[in-house]
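**Student:** Structure supplied as input-v8.csv; contents: CSV, C-alpha atoms and all ligand atoms.
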chain,number,residue,atom,x,y,z
A,1,MET,CA,0.0,0.0,0.0
A,2,ARG,CA,1.3,3.5,-0.9
A,3,ARG,CA,-0.1,6.7,0.6
A,4,GLY,CA,0.3,10.2,-0.5
A,5,THR,CA,-1.0,12.9,-2.8
A,6,ASP,CA,0.5,11.8,-6.2
A,7,ILE,CA,-2.5,12.0,-8.6
A,8,GLU,CA,-0.6,10.5,-11.5
A,9,ALA,CA,0.4,7.5,-9.5
A,10,ALA,CA,-3.1,7.0,-8.2
A,11,ALA,CA,-4.6,7.3,-11.7
A,12,GLY,CA,-2.0,4.8,-13.0
A,13,VAL,CA,-3.2,2.3,-10.3
A,14,LEU,CA,-6.8,2.7,-11.5
A,15,ARG,CA,-5.7,2.2,-15.2
A,16,ALA,CA,-3.9,-1.0,-14.2
A,17,GLY,CA,-7.1,-2.3,-12.5
A,18,GLY,CA,-6.0,-1.6,-9.0
A,19,LEU,CA,-7.8,0.0,-6.0
A,20,VAL,CA,-7.4,3.6,-4.9
A,21,ALA,CA,-8.9,5.0,-1.7
A,22,PHE,CA,-9.6,8.7,-2.3
A,23,PRO,CA,-11.1,11.6,-0.3
A,24,THR,CA,-14.4,13.1,-1.3
A,25,GLU,CA,-16.2,16.0,0.5
A,26,THR,CA,-18.5,13.4,2.2
A,27,VAL,CA,-16.4,10.3,3.1
A,28,TYR,CA,-13.4,8.4,1.6
A,29,GLY,CA,-14.2,6.1,-1.3
A,30,LEU,CA,-12.6,2.8,-2.4
A,31,GLY,CA,-12.2,3.4,-6.1
A,32,ALA,CA,-11.9,1.1,-9.1
A,33,ASP,CA,-12.3,1.5,-12.9
A,34,ALA,CA,-16.1,1.3,-13.3
A,35,ALA,CA,-15.6,-0.3,-16.8
A,36,SER,CA,-13.5,-3.2,-15.4
A,37,SER,CA,-15.3,-6.2,-14.1
A,38,SER,CA,-12.2,-7.6,-12.4
A,39,ALA,CA,-11.3,-4.3,-10.6
A,40,VAL,CA,-14.9,-3.9,-9.4
A,41,THR,CA,-15.1,-7.5,-8.2
A,42,ARG,CA,-12.0,-6.8,-6.1
A,43,VAL,CA,-13.8,-3.9,-4.4
A,44,PHE,CA,-16.5,-6.2,-3.2
A,45,ALA,CA,-14.0,-8.8,-2.0
A,46,VAL,CA,-11.9,-6.2,-0.1
A,47,LYS,CA,-14.9,-4.6,1.6
A,48,GLY,CA,-16.5,-8.0,2.3
A,49,ARG,CA,-19.7,-6.6,0.6
A,50,PRO,CA,-22.4,-8.8,-1.0
A,51,ARG,CA,-22.2,-8.7,-4.7
A,52,GLN,CA,-25.8,-7.6,-5.3
A,53,HIS,CA,-25.3,-4.3,-3.4
A,54,PRO,CA,-24.6,-1.7,-6.1
A,55,LEU,CA,-21.8,0.9,-6.1
A,56,ILE,CA,-21.9,4.5,-7.0
A,57,ALA,CA,-20.0,5.5,-10.1
A,58,HIS,CA,-18.1,8.8,-9.7
A,59,LEU,CA,-17.6,11.1,-12.7
A,60,ALA,CA,-15.3,14.1,-13.3
A,61,ASP,CA,-18.1,16.2,-14.8
A,62,GLY,CA,-21.8,16.4,-15.1
A,63,ALA,CA,-21.4,16.7,-18.9
A,64,GLU,CA,-20.6,12.9,-18.9
A,65,LEU,CA,-24.1,12.0,-17.6
A,66,ASP,CA,-25.4,10.7,-20.9
A,67,ALA,CA,-22.2,8.6,-21.4
A,68,TRP,CA,-23.1,6.5,-18.3
A,69,ALA,CA,-26.9,6.7,-18.1
A,70,ARG,CA,-29.8,6.7,-20.5
A,71,ASP,CA,-33.2,8.2,-20.7
A,72,VAL,CA,-32.1,11.0,-18.3
A,73,PRO,CA,-35.2,12.9,-17.1
A,74,ALA,CA,-35.3,16.7,-16.9
A,75,ALA,CA,-35.5,16.5,-13.1
A,76,ALA,CA,-32.1,14.7,-13.0
A,77,ARG,CA,-30.5,17.4,-15.2
A,78,ALA,CA,-31.9,20.1,-12.9
A,79,LEU,CA,-30.5,18.4,-9.8
A,80,ALA,CA,-27.1,17.8,-11.5
A,81,ALA,CA,-27.0,21.5,-12.6
A,82,ALA,CA,-27.8,22.6,-9.1
A,83,PHE,CA,-25.7,20.3,-6.9
A,84,TRP,CA,-22.8,18.8,-9.0
A,85,PRO,CA,-20.0,18.8,-8.2
A,86,GLY,CA,-21.3,18.0,-4.7
A,87,PRO,CA,-22.7,15.4,-2.2
A,88,LEU,CA,-25.6,14.2,-4.4
A,89,THR,CA,-26.0,10.8,-6.0
A,90,LEU,CA,-28.6,10.3,-8.8
A,91,ILE,CA,-30.1,6.8,-9.5
A,92,LEU,CA,-30.8,6.6,-13.3
A,93,ARG,CA,-31.2,3.9,-15.9
A,94,ARG,CA,-27.8,2.6,-16.6
A,95,GLY,CA,-25.8,2.9,-19.8
A,96,ASP,CA,-23.8,0.1,-21.4
A,97,ARG,CA,-20.3,1.3,-20.4
A,98,ILE,CA,-20.7,0.5,-16.7
A,99,ALA,CA,-19.5,-3.0,-15.8
A,100,SER,CA,-22.6,-4.9,-14.7
A,101,GLU,CA,-20.8,-5.8,-11.4
A,102,VAL,CA,-21.1,-2.1,-10.4
A,103,THR,CA,-24.9,-2.2,-10.4
A,104,GLY,CA,-25.2,-5.7,-8.9
A,105,GLY,CA,-27.1,-6.7,-12.1
A,106,ALA,CA,-29.6,-3.9,-11.7
A,107,ASP,CA,-30.9,-1.9,-14.6
A,108,THR,CA,-30.1,1.4,-12.8
A,109,VAL,CA,-26.9,3.1,-11.8
A,110,GLY,CA,-25.9,5.6,-9.1
A,111,LEU,CA,-23.9,8.5,-10.5
A,112,ARG,CA,-22.2,11.3,-8.6
A,113,VAL,CA,-19.7,14.1,-9.4
A,114,PRO,CA,-17.7,14.7,-6.2
A,115,ALA,CA,-16.4,18.2,-5.3
A,116,HIS,CA,-13.2,17.4,-3.4
A,117,PRO,CA,-10.2,18.8,-5.3
A,118,LEU,CA,-8.2,15.5,-5.1
A,119,ALA,CA,-11.3,13.5,-6.2
A,120,GLN,CA,-11.7,15.9,-9.1
A,121,ALA,CA,-8.0,15.7,-10.1
A,122,LEU,CA,-8.1,11.9,-9.9
A,123,LEU,CA,-11.2,11.5,-12.0
A,124,ALA,CA,-9.9,14.0,-14.6
A,125,GLY,CA,-6.5,12.3,-14.7
A,126,PHE,CA,-8.1,8.8,-15.0
A,127,GLY,CA,-10.6,9.9,-17.6
A,128,GLY,CA,-13.3,7.4,-16.9
A,129,ALA,CA,-15.9,6.6,-14.3
A,130,VAL,CA,-14.7,5.4,-10.9
A,131,ALA,CA,-16.9,2.9,-9.0
A,132,ALA,CA,-16.5,3.6,-5.3
A,133,PRO,CA,-18.3,2.6,-2.1
A,134,SER,CA,-17.2,4.1,1.2
A,135,ALA,CA,-13.7,2.8,2.0
A,136,ASN,CA,-14.7,0.8,5.1
A,137,ARG,CA,-15.4,-2.8,5.9
A,138,PHE,CA,-19.0,-3.7,5.2
A,139,GLY,CA,-21.2,-2.6,8.1
A,140,HIS,CA,-18.6,-0.5,9.8
A,141,ILE,CA,-18.5,3.3,10.1
A,142,SER,CA,-17.5,5.2,6.9
A,143,PRO,CA,-14.0,6.7,7.0
A,144,THR,CA,-13.6,10.5,7.1
A,145,THR,CA,-9.7,10.5,7.2
A,146,ALA,CA,-7.0,8.6,5.5
A,147,ASP,CA,-6.0,7.0,8.8
A,148,HIS,CA,-9.6,5.6,9.1
A,149,VAL,CA,-9.1,4.0,5.7
A,150,VAL,CA,-5.8,2.4,6.6
A,151,ALA,CA,-7.2,1.2,9.9
A,152,ASP,CA,-10.1,-0.6,8.1
A,153,LEU,CA,-8.5,-1.8,4.8
A,154,GLY,CA,-4.7,-1.3,5.2
A,155,ASP,CA,-2.7,-3.3,2.7
A,156,GLU,CA,-5.7,-4.4,0.6
A,157,VAL,CA,-5.7,-0.9,-1.0
A,158,ASP,CA,-3.0,-0.2,-3.6
A,159,TYR,CA,-2.9,3.6,-3.1
A,160,VAL,CA,-4.4,5.9,-0.4
A,161,LEU,CA,-4.8,9.5,-1.6
A,162,ASP,CA,-4.5,11.5,1.6
A,163,GLY,CA,-6.7,14.6,1.5
A,164,GLY,CA,-7.1,15.2,5.2
A,165,PRO,CA,-10.4,15.1,7.0
A,166,CYS,CA,-13.7,15.2,4.9
A,167,VAL,CA,-15.5,18.5,5.3
A,168,ILE,CA,-19.1,17.2,5.2
A,169,GLY,CA,-18.5,13.9,7.0
A,170,VAL,CA,-21.7,12.0,6.1
A,171,GLU,CA,-22.4,10.3,2.8
A,172,SER,CA,-24.1,11.8,-0.2
A,173,THR,CA,-27.9,12.2,-0.5
A,174,ILE,CA,-29.3,9.6,-2.9
A,175,VAL,CA,-32.3,10.5,-5.1
A,176,ASP,CA,-33.8,7.8,-7.3
A,177,LEU,CA,-35.0,9.3,-10.6
A,178,SER,CA,-35.5,6.0,-12.4
A,179,GLY,CA,-39.1,5.6,-11.4
A,180,ALA,CA,-42.3,7.6,-11.5
A,181,ALA,CA,-41.5,10.1,-8.8
A,182,PRO,CA,-38.2,11.4,-7.4
A,183,THR,CA,-37.5,9.4,-4.3
A,184,LEU,CA,-35.2,10.0,-1.4
A,185,LEU,CA,-33.3,6.7,-0.8
A,186,ARG,CA,-30.8,8.1,1.7
A,187,PRO,CA,-30.6,11.6,3.4
A,188,GLY,CA,-27.1,13.0,3.1
A,189,GLY,CA,-24.8,15.9,2.4
A,190,VAL,CA,-27.4,17.9,0.4
A,191,PRO,CA,-30.4,18.7,2.6
A,192,ARG,CA,-33.8,17.5,1.6
A,193,ALA,CA,-35.2,21.1,1.5
A,194,ALA,CA,-32.6,22.2,-1.1
A,195,ILE,CA,-33.5,19.3,-3.4
A,196,GLU,CA,-37.3,19.8,-3.0
A,197,GLN,CA,-36.8,23.5,-3.9
A,198,VAL,CA,-35.1,22.6,-7.2
A,199,LEU,CA,-37.8,19.9,-7.9
A,200,ALA,CA,-40.6,22.3,-6.9
A,201,GLY,CA,-42.2,19.5,-5.0
A,202,PRO,CA,-41.7,16.9,-2.2
A,203,LEU,CA,-39.4,13.9,-2.5
A,204,ALA,CA,-41.2,10.6,-2.2
A,205,ALA,CA,-40.3,8.0,0.4
A,206,PRO,CA,-39.1,4.6,-0.8
A,207,VAL,CA,-41.7,2.0,-1.3
A,208,SER,CA,-41.1,-0.7,1.3
A,209,THR,CA,-41.6,-3.6,-1.1
A,210,SER,CA,-38.7,-2.5,-3.3
A,211,ALA,CA,-35.3,-4.0,-2.6
A,212,PRO,CA,-33.7,-1.8,0.0
A,213,ALA,CA,-30.4,0.0,-0.7
A,214,PRO,CA,-27.8,-1.4,1.7
A,215,GLY,CA,-27.2,2.0,3.1
A,216,THR,CA,-30.9,2.1,4.0
A,217,LEU,CA,-30.8,-1.3,5.9
A,218,PRO,CA,-31.8,-1.2,9.5
A,219,SER,CA,-28.4,-2.0,10.9
A,220,HIS,CA,-25.6,0.0,9.2
A,221,TYR,CA,-22.9,2.5,9.8
A,222,ALA,CA,-22.4,0.6,13.0
A,223,PRO,CA,-19.6,0.9,15.6
A,224,ARG,CA,-18.8,-2.0,18.0
A,225,ALA,CA,-20.5,-0.3,20.9
A,226,ARG,CA,-24.3,-0.5,21.2
A,227,VAL,CA,-25.9,2.8,20.1
A,228,ILE,CA,-29.1,4.0,21.6
A,229,ALA,CA,-30.5,7.0,19.7
A,230,VAL,CA,-33.2,8.9,21.5
A,231,GLU,CA,-34.9,12.3,21.6
A,232,PRO,CA,-33.0,14.7,23.8
A,233,SER,CA,-35.7,14.6,26.5
A,234,GLU,CA,-35.2,10.8,26.9
A,235,LEU,CA,-31.4,10.9,27.2
A,236,LEU,CA,-31.1,10.5,31.0
A,237,ALA,CA,-33.6,7.6,31.0
A,238,ALA,CA,-31.7,5.9,28.2
A,239,VAL,CA,-28.4,6.4,30.1
A,240,ARG,CA,-29.8,4.5,33.1
A,241,ASP,CA,-30.6,1.6,30.7
A,242,GLY,CA,-27.0,1.6,29.3
A,243,ILE,CA,-24.9,-1.5,29.8
A,244,GLY,CA,-21.2,-1.3,30.8
A,245,ARG,CA,-19.2,1.8,30.1
A,246,VAL,CA,-21.6,4.5,28.9
A,247,ALA,CA,-20.9,7.6,26.8
A,248,VAL,CA,-23.5,10.3,25.9
A,249,LEU,CA,-23.1,11.7,22.4
A,250,ALA,CA,-24.9,15.0,22.1
A,251,PRO,CA,-24.4,18.7,21.2
A,252,ALA,CA,-22.2,20.4,23.7
A,253,ARG,CA,-24.9,22.9,24.6
A,254,LEU,CA,-27.3,20.1,25.4
A,255,LEU,CA,-24.7,18.2,27.4
A,256,ALA,CA,-24.0,21.3,29.5
A,257,THR,CA,-27.7,21.2,30.8
A,258,LEU,CA,-27.5,17.5,31.9
A,259,GLU,CA,-26.5,16.1,35.2
A,260,LEU,CA,-24.9,12.8,34.1
A,261,PRO,CA,-24.6,9.9,36.6
A,262,ALA,CA,-21.1,9.2,38.0
A,263,GLY,CA,-18.9,7.2,35.6
A,264,VAL,CA,-20.9,8.2,32.5
A,265,ILE,CA,-18.8,10.2,30.0
A,266,ALA,CA,-19.9,13.2,27.9
A,267,ALA,CA,-18.9,13.0,24.2
A,268,PRO,CA,-19.8,16.5,22.9
A,269,LEU,CA,-20.7,17.2,19.2
A,270,PRO,CA,-20.7,20.7,17.7
A,271,ASP,CA,-24.0,22.5,18.2
A,272,ASP,CA,-24.6,23.2,14.5
A,273,ASP,CA,-25.8,20.4,12.3
A,274,ALA,CA,-23.0,20.7,9.7
A,275,GLY,CA,-20.4,20.6,12.5
A,276,ALA,CA,-22.1,17.6,14.0
A,277,ALA,CA,-22.1,15.8,10.7
A,278,ARG,CA,-18.4,16.5,10.2
A,279,ALA,CA,-17.4,15.2,13.6
A,280,LEU,CA,-19.9,12.2,13.9
A,281,TYR,CA,-18.0,9.3,12.4
A,282,GLY,CA,-14.6,10.2,13.9
A,283,LEU,CA,-16.2,10.5,17.3
A,284,LEU,CA,-17.9,7.1,17.0
A,285,ARG,CA,-14.6,5.5,16.1
A,286,ASP,CA,-12.9,7.2,19.0
A,287,LEU,CA,-15.5,5.9,21.4
A,288,ASP,CA,-15.0,2.4,20.1
A,289,HIS,CA,-11.3,2.7,20.6
A,290,ALA,CA,-11.8,3.9,24.1
A,291,GLY,CA,-13.7,0.8,24.8
A,292,PHE,CA,-17.2,2.1,25.5
A,293,ASP,CA,-20.0,-0.5,25.5
A,294,THR,CA,-23.0,1.8,25.1
A,295,VAL,CA,-23.3,5.1,23.3
A,296,VAL,CA,-26.5,7.0,24.1
A,297,ALA,CA,-27.0,9.6,21.3
A,298,ALA,CA,-29.3,12.5,21.0
A,299,LEU,CA,-31.3,12.6,17.8
A,300,PRO,CA,-30.9,16.1,16.2
A,301,ALA,CA,-33.7,18.2,14.7
A,302,MET,CA,-34.6,17.1,11.2
A,303,HIS,CA,-33.5,20.1,9.3
A,304,GLY,CA,-30.3,20.7,7.2
A,305,LEU,CA,-27.8,17.9,7.8
A,306,GLY,CA,-29.7,16.9,10.9
A,307,GLU,CA,-31.8,14.5,8.9
A,308,ALA,CA,-28.7,12.6,7.7
A,309,VAL,CA,-27.1,12.6,11.2
A,310,ALA,CA,-30.4,11.3,12.7
A,311,ASP,CA,-30.6,8.6,10.0
A,312,ARG,CA,-27.1,7.4,10.7
A,313,LEU,CA,-27.5,7.3,14.4
A,314,ARG,CA,-30.7,5.3,14.1
A,315,ARG,CA,-29.0,2.8,11.7
A,316,ALA,CA,-25.9,2.6,14.0
A,317,GLY,CA,-28.4,1.4,16.6
A,318,GLY,CA,-30.5,-0.7,14.3
A,319,PRO,CA,-31.4,-4.2,15.2
A,320,ARG,CA,-28.6,-6.7,14.5
A,321,GLY,CA,-28.7,-10.4,14.1
A,322,LYS,CA,-32.3,-10.7,12.9
A,323,PRO,CA,-32.8,-12.6,9.7
A,324,GLY,CA,-32.9,-10.1,6.8
A,325,ASN,CA,-31.7,-7.3,9.1
A,326,ASN,CA,-28.1,-8.1,9.7
A,327,HIS,CA,-26.7,-6.8,6.4
A,328,HIS,CA,-23.9,-4.4,6.6
A,329,GLU,CA,-22.2,-2.3,4.0
A,401,LIG,O1,-20.9,10.0,-0.2
A,401,LIG,C1,-21.0,8.9,-0.8
A,401,LIG,O2,-22.0,8.6,-1.4
A,401,LIG,C2,-19.8,8.0,-0.7
A,401,LIG,C3,-18.6,8.6,-1.4
A,401,LIG,C4,-17.4,7.7,-1.5
A,401,LIG,O3,-19.1,8.9,-2.7
A,401,LIG,N1,-20.1,6.7,-1.2
A,401,LIG,C5,-20.9,5.8,-0.6
A,401,LIG,O4,-21.0,4.6,-1.2
A,401,LIG,O5,-21.5,6.1,0.5
A,401,LIG,P1,-21.7,3.3,-0.5
A,401,LIG,O6,-21.4,2.2,-1.4
A,401,LIG,O7,-21.2,3.1,0.9
A,401,LIG,O8,-23.2,3.6,-0.5
A,401,LIG,C6,-23.8,3.7,-1.8
A,401,LIG,C7,-25.3,3.6,-1.6
A,401,LIG,C8,-25.7,2.2,-1.2
A,401,LIG,O9,-26.7,2.3,-0.2
A,401,LIG,C9,-26.2,1.6,-2.5
A,401,LIG,O10,-27.2,0.6,-2.2
A,401,LIG,C10,-26.8,2.8,-3.1
A,401,LIG,O11,-25.9,3.8,-2.9
A,401,LIG,N2,-26.9,2.6,-4.6
A,401,LIG,C11,-25.9,2.5,-5.5
A,401,LIG,N3,-26.4,2.2,-6.7
A,401,LIG,C12,-27.7,2.1,-6.6
A,401,LIG,C13,-28.8,1.7,-7.5
A,401,LIG,N4,-28.6,1.5,-8.8
A,401,LIG,N5,-30.1,1.7,-7.0
A,401,LIG,C14,-30.3,1.9,-5.6
A,401,LIG,N6,-29.3,2.2,-4.7
A,401,LIG,C15,-28.1,2.3,-5.2
A,402,MG,MG,-20.9,2.7,2.8
Please express what this file holds, its structure, as structure tokens.

**Tutor:**
Amino acid sequence: MRRGTDIEAAAGVLRAGGLVAFPTETVYGLGADAASSSAVTRVFAVKGRPRQHPLIAHLADGAELDAWARDVPAAARALAAAFWPGPLTLILRRGDRIASEVTGGADTVGLRVPAHPLAQALLAGFGGAVAAPSANRFGHISPTTADHVVADLGDEVDYVLDGGPCVIGVESTIVDLSGAAPTLLRPGGVPRAAIEQVLAGPLAAPVSTSAPAPGTLPSHYAPRARVIAVEPSELLAAVRDGIGRVAVLAPARLLATLELPAGVIAAPLPDDDAGAARALYGLLRDLDHAGFDTVVAALPAMHGLGEAVADRLRRAGGPRGKPGNNHHE
């Protein structure tokens, strides 16, 4: 494994069918040539991810949309114009150039143009689409620093492009435009309200009978510690139910108002929703390393990036071990 900021070296690894972990504004991705079946197959193997769970294909420029998707609706073009480059993934009908392994055999493909300068340089230097899931082991917390990537995947990655900490810190918003109505599959870096403003209408909720995206499975983005996500008013009651060493993850301003029982540790998040999103995954990793058994987390208000943070906290605490529920990504 090499690590650094050498774009040419990293693009060369992609061209040779290798794997490059690279920073985006959301989280680090584990990238492979999206037109190469063997390179994409290796991504699934390294992550330990089931083959039918599709990957997002990353493009250098929105102008490439029609090269990788077909029947692109006007709503998709409007969202791409408004938010690319940026933390938005569009699900569209797939074009032929994408290796079928990327989409897990599905007839749709997730496309995104990331804004991070190193991601942009890598994509431009490589010249094709880069299939990339988050660069973590399936089911674990997404990496927001190069150190997180190395801790999870280490020598199984050929090159780690080090761009420092990710500025958004939670994954992209996923909007499905392949069906009758634009549907929010995963809240993320672009707030729902901004998308609904461009669409001039509300986003639909996923139909529960359709196959769920892995990132929308009940247990996901999970640390080792048990996470209990509750409304702020229920924090103290949940703390009393906590097992073993307990930490309370909540905005600093809220924590300052609470009288925590002896031995319970406060883990403060920034008070603003963007700051909380940026800090969330690193803090969850730190709490795991420090050996906490239970993390009681305050659910934020559902505006701005708060909806994505609440979603990840709920999934981090989702039921595990039940048949059909214990998938991880
Ligand atoms: O911010 C992000 O989106 C990061 C960075 C690296 O771009 N990537 C990321 O990838 O979070 P991943 O693989 O961890 O999550 C991708 C999500 C999964 O929930 C997957 O099921 C969904 O996108 N997805 C991809 N293609 C899809 C498709 N054709 N239909 C429905 N869902 C799809
Ligand atoms: Mg992921």

**Student:** With distances taken over all atoms listed in the file, which residue among A:Val207, A:Ala151, A:Val27, A:Val175 lies nearest Ala132 in chain A?

**Tutor:**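 Nearest to Ala132 in chain A: A:Val27.
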
**Student:** Using all atoms listed in the file, what are the residues with an atom within 6 Å of ligand LIG 401 (chain A), set out as an MDAnalysis selection string?

**Tutor:** chainID A and resid 26:29 53:56 91 103 108:110 132:134 171:172 213:216

**Student:** When you count only C-alpha atoms and all ligand atoms, which of these residues is closest to ligand MG 402 (chain A): A:Leu65, A:Ala45, A:Val170, A:Val72?

**Tutor:**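 When distances to ligand MG 402 (chain A) are compared using only C-alpha atoms and all ligand atoms, the smallest one comes from A:Val170.
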
**Student:** Hey, which of A:Thr294, A:Asn136, A:Ser36, A:Thr183 ends up closest to ligand MG 402 (chain A)? Count all atoms listed in the file.

**Tutor:**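 Among A:Thr294, A:Asn136, A:Ser36, A:Thr183, it is A:Asn136 that comes nearest to ligand MG 402 (chain A).
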
**Student:** Residues at most 10 Å from His58 in chain A, counting only C-alpha atoms, excluding those fewer than 5 positions away in the same chain, as JSON, numbers by chain?

**Tutor:** {"A": [29, 31, 32, 33, 34, 89, 110, 111, 112, 113, 114, 119, 120, 123, 128, 129, 130, 131, 132, 133]}

**Student:** Generate the output file for the selected residues, C-alpha atoms, as a PDB file, keeping the file's coordinate frame.

**Tutor:**
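The new file selection14.pdb reads:
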ATOM      1  CA  GLY A  29     -14.200   6.100  -1.300  1.00  0.00           C
ATOM      2  CA  GLY A  31     -12.200   3.400  -6.100  1.00  0.00           C
ATOM      3  CA  ALA A  32     -11.900   1.100  -9.100  1.00  0.00           C
ATOM      4  CA  ASP A  33     -12.300   1.500 -12.900  1.00  0.00           C
ATOM      5  CA  ALA A  34     -16.100   1.300 -13.300  1.00  0.00           C
ATOM      6  CA  THR A  89     -26.000  10.800  -6.000  1.00  0.00           C
ATOM      7  CA  GLY A 110     -25.900   5.600  -9.100  1.00  0.00           C
ATOM      8  CA  LEU A 111     -23.900   8.500 -10.500  1.00  0.00           C
ATOM      9  CA  ARG A 112     -22.200  11.300  -8.600  1.00  0.00           C
ATOM     10  CA  VAL A 113     -19.700  14.100  -9.400  1.00  0.00           C
ATOM     11  CA  PRO A 114     -17.700  14.700  -6.200  1.00  0.00           C
ATOM     12  CA  ALA A 119     -11.300  13.500  -6.200  1.00  0.00           C
ATOM     13  CA  GLN A 120     -11.700  15.900  -9.100  1.00  0.00           C
ATOM     14  CA  LEU A 123     -11.200  11.500 -12.000  1.00  0.00           C
ATOM     15  CA  GLY A 128     -13.300   7.400 -16.900  1.00  0.00           C
ATOM     16  CA  ALA A 129     -15.900   6.600 -14.300  1.00  0.00           C
ATOM     17  CA  VAL A 130     -14.700   5.400 -10.900  1.00  0.00           C
ATOM     18  CA  ALA A 131     -16.900   2.900  -9.000  1.00  0.00           C
ATOM     19  CA  ALA A 132     -16.500   3.600  -5.300  1.00  0.00           C
ATOM     20  CA  PRO A 133     -18.300   2.600  -2.100  1.00  0.00           C
TER      21      PRO A 133
END

**Student:** Write out as a list in words each polymer residue whose atoms come within 6 Å of Ala69 in chain A, counting only C-alpha atoms; drop sequence neighbours fewer than 5 positions from it.

**Tutor:** Arg93, Arg94 and Gly95 of chain A

**Student:** Considering all atoms listed in the file, return as a list of chain:residue names whatever protein or nucleic-acid residues lie within 12 Å of range 196-199 of chain A, sequence-local ones (same chain, fewer than 3 positions apart) excluded.

**Tutor:** A:Pro73, A:Ala74, A:Ala75, A:Ala76, A:Arg77, A:Ala78, A:Leu79, A:Ala80, A:Ala81, A:Ala82, A:Phe83, A:Val175, A:Leu177, A:Ala181, A:Pro182, A:Thr183, A:Leu184, A:Val190, A:Pro191, A:Arg192, A:Ala193, A:Pro202, A:Leu203, A:Ala204

**Student:** I need the residue nearest Ala274 in chain A from this list: A:Ala10, A:Val102, A:Leu305, A:Leu92. Use only C-alpha atoms for the distance.

**Tutor:**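 Comparing A:Ala10, A:Val102, A:Leu305, A:Leu92 against Ala274 in chain A, the winner is A:Leu305.
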
**Student:** Please, what distance in Å, to one decimal, runs between CA of Leu185 in chain A and CA of Leu287 in chain A?

**Tutor:** 28.5 Å

**Student:** Interatomic distance between CA of Ile228 in chain A and CA of Ala135 in chain A?

**Tutor:**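 For CA of Ile228 in chain A relative to CA of Ala135 in chain A, the distance reads 25.0 Å.
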
**Student:** Which of these, A:Ala11, A:Ala121, A:Ala99, A:Ala225, has the shortest distance to Ala35 in chain A once you count only C-alpha atoms?

**Tutor:** A:Ala99

**Student:** Work out how far CA of Val43 in chain A is from CA of Leu30 in chain A, in Å to one decimal.

**Tutor:**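 So the answer is 7.1 Å.
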
**Student:** Could you give me, as an NGL selection string, the residues that sit within 10 Å of (-29.0, 17.1, 32.1) in the file's coordinates, counting all atoms listed in the file?

**Tutor:** :A and (232-233 or 235-236 or 254-261)

**Student:** Name the closest residue to ligand MG 402 (chain A) among the candidates A:Ala298, A:Val160, A:Ala222, A:Ala276; distances are taken between atoms, counting all atoms listed in the file.

**Tutor:** A:Ala222

**Student:** Please report as CSV every residue of range 205-318 of chain A lying within 10 Å of range 140-145 of chain A, along with the nearest atom pair and their distance in Å (one decimal), using only C-alpha atoms.

**Tutor:**
residue,atom,partner,partner_atom,distance
A:Ser219,CA,A:His140,CA,10.0
A:His220,CA,A:His140,CA,7.0
A:Tyr221,CA,A:Ile141,CA,4.5
A:Ala222,CA,A:His140,CA,5.1
A:Pro223,CA,A:His140,CA,6.0
A:Arg224,CA,A:His140,CA,8.3
A:Arg278,CA,A:Thr144,CA,8.3
A:Ala279,CA,A:Thr144,CA,8.9
A:Leu280,CA,A:Thr144,CA,9.4
A:Tyr281,CA,A:Ile141,CA,6.4
A:Gly282,CA,A:Thr144,CA,6.9
A:Leu284,CA,A:Ile141,CA,7.9
A:Arg285,CA,A:Ile141,CA,7.5
A:Arg312,CA,A:Ile141,CA,9.5
A:Ala316,CA,A:Ile141,CA,8.4
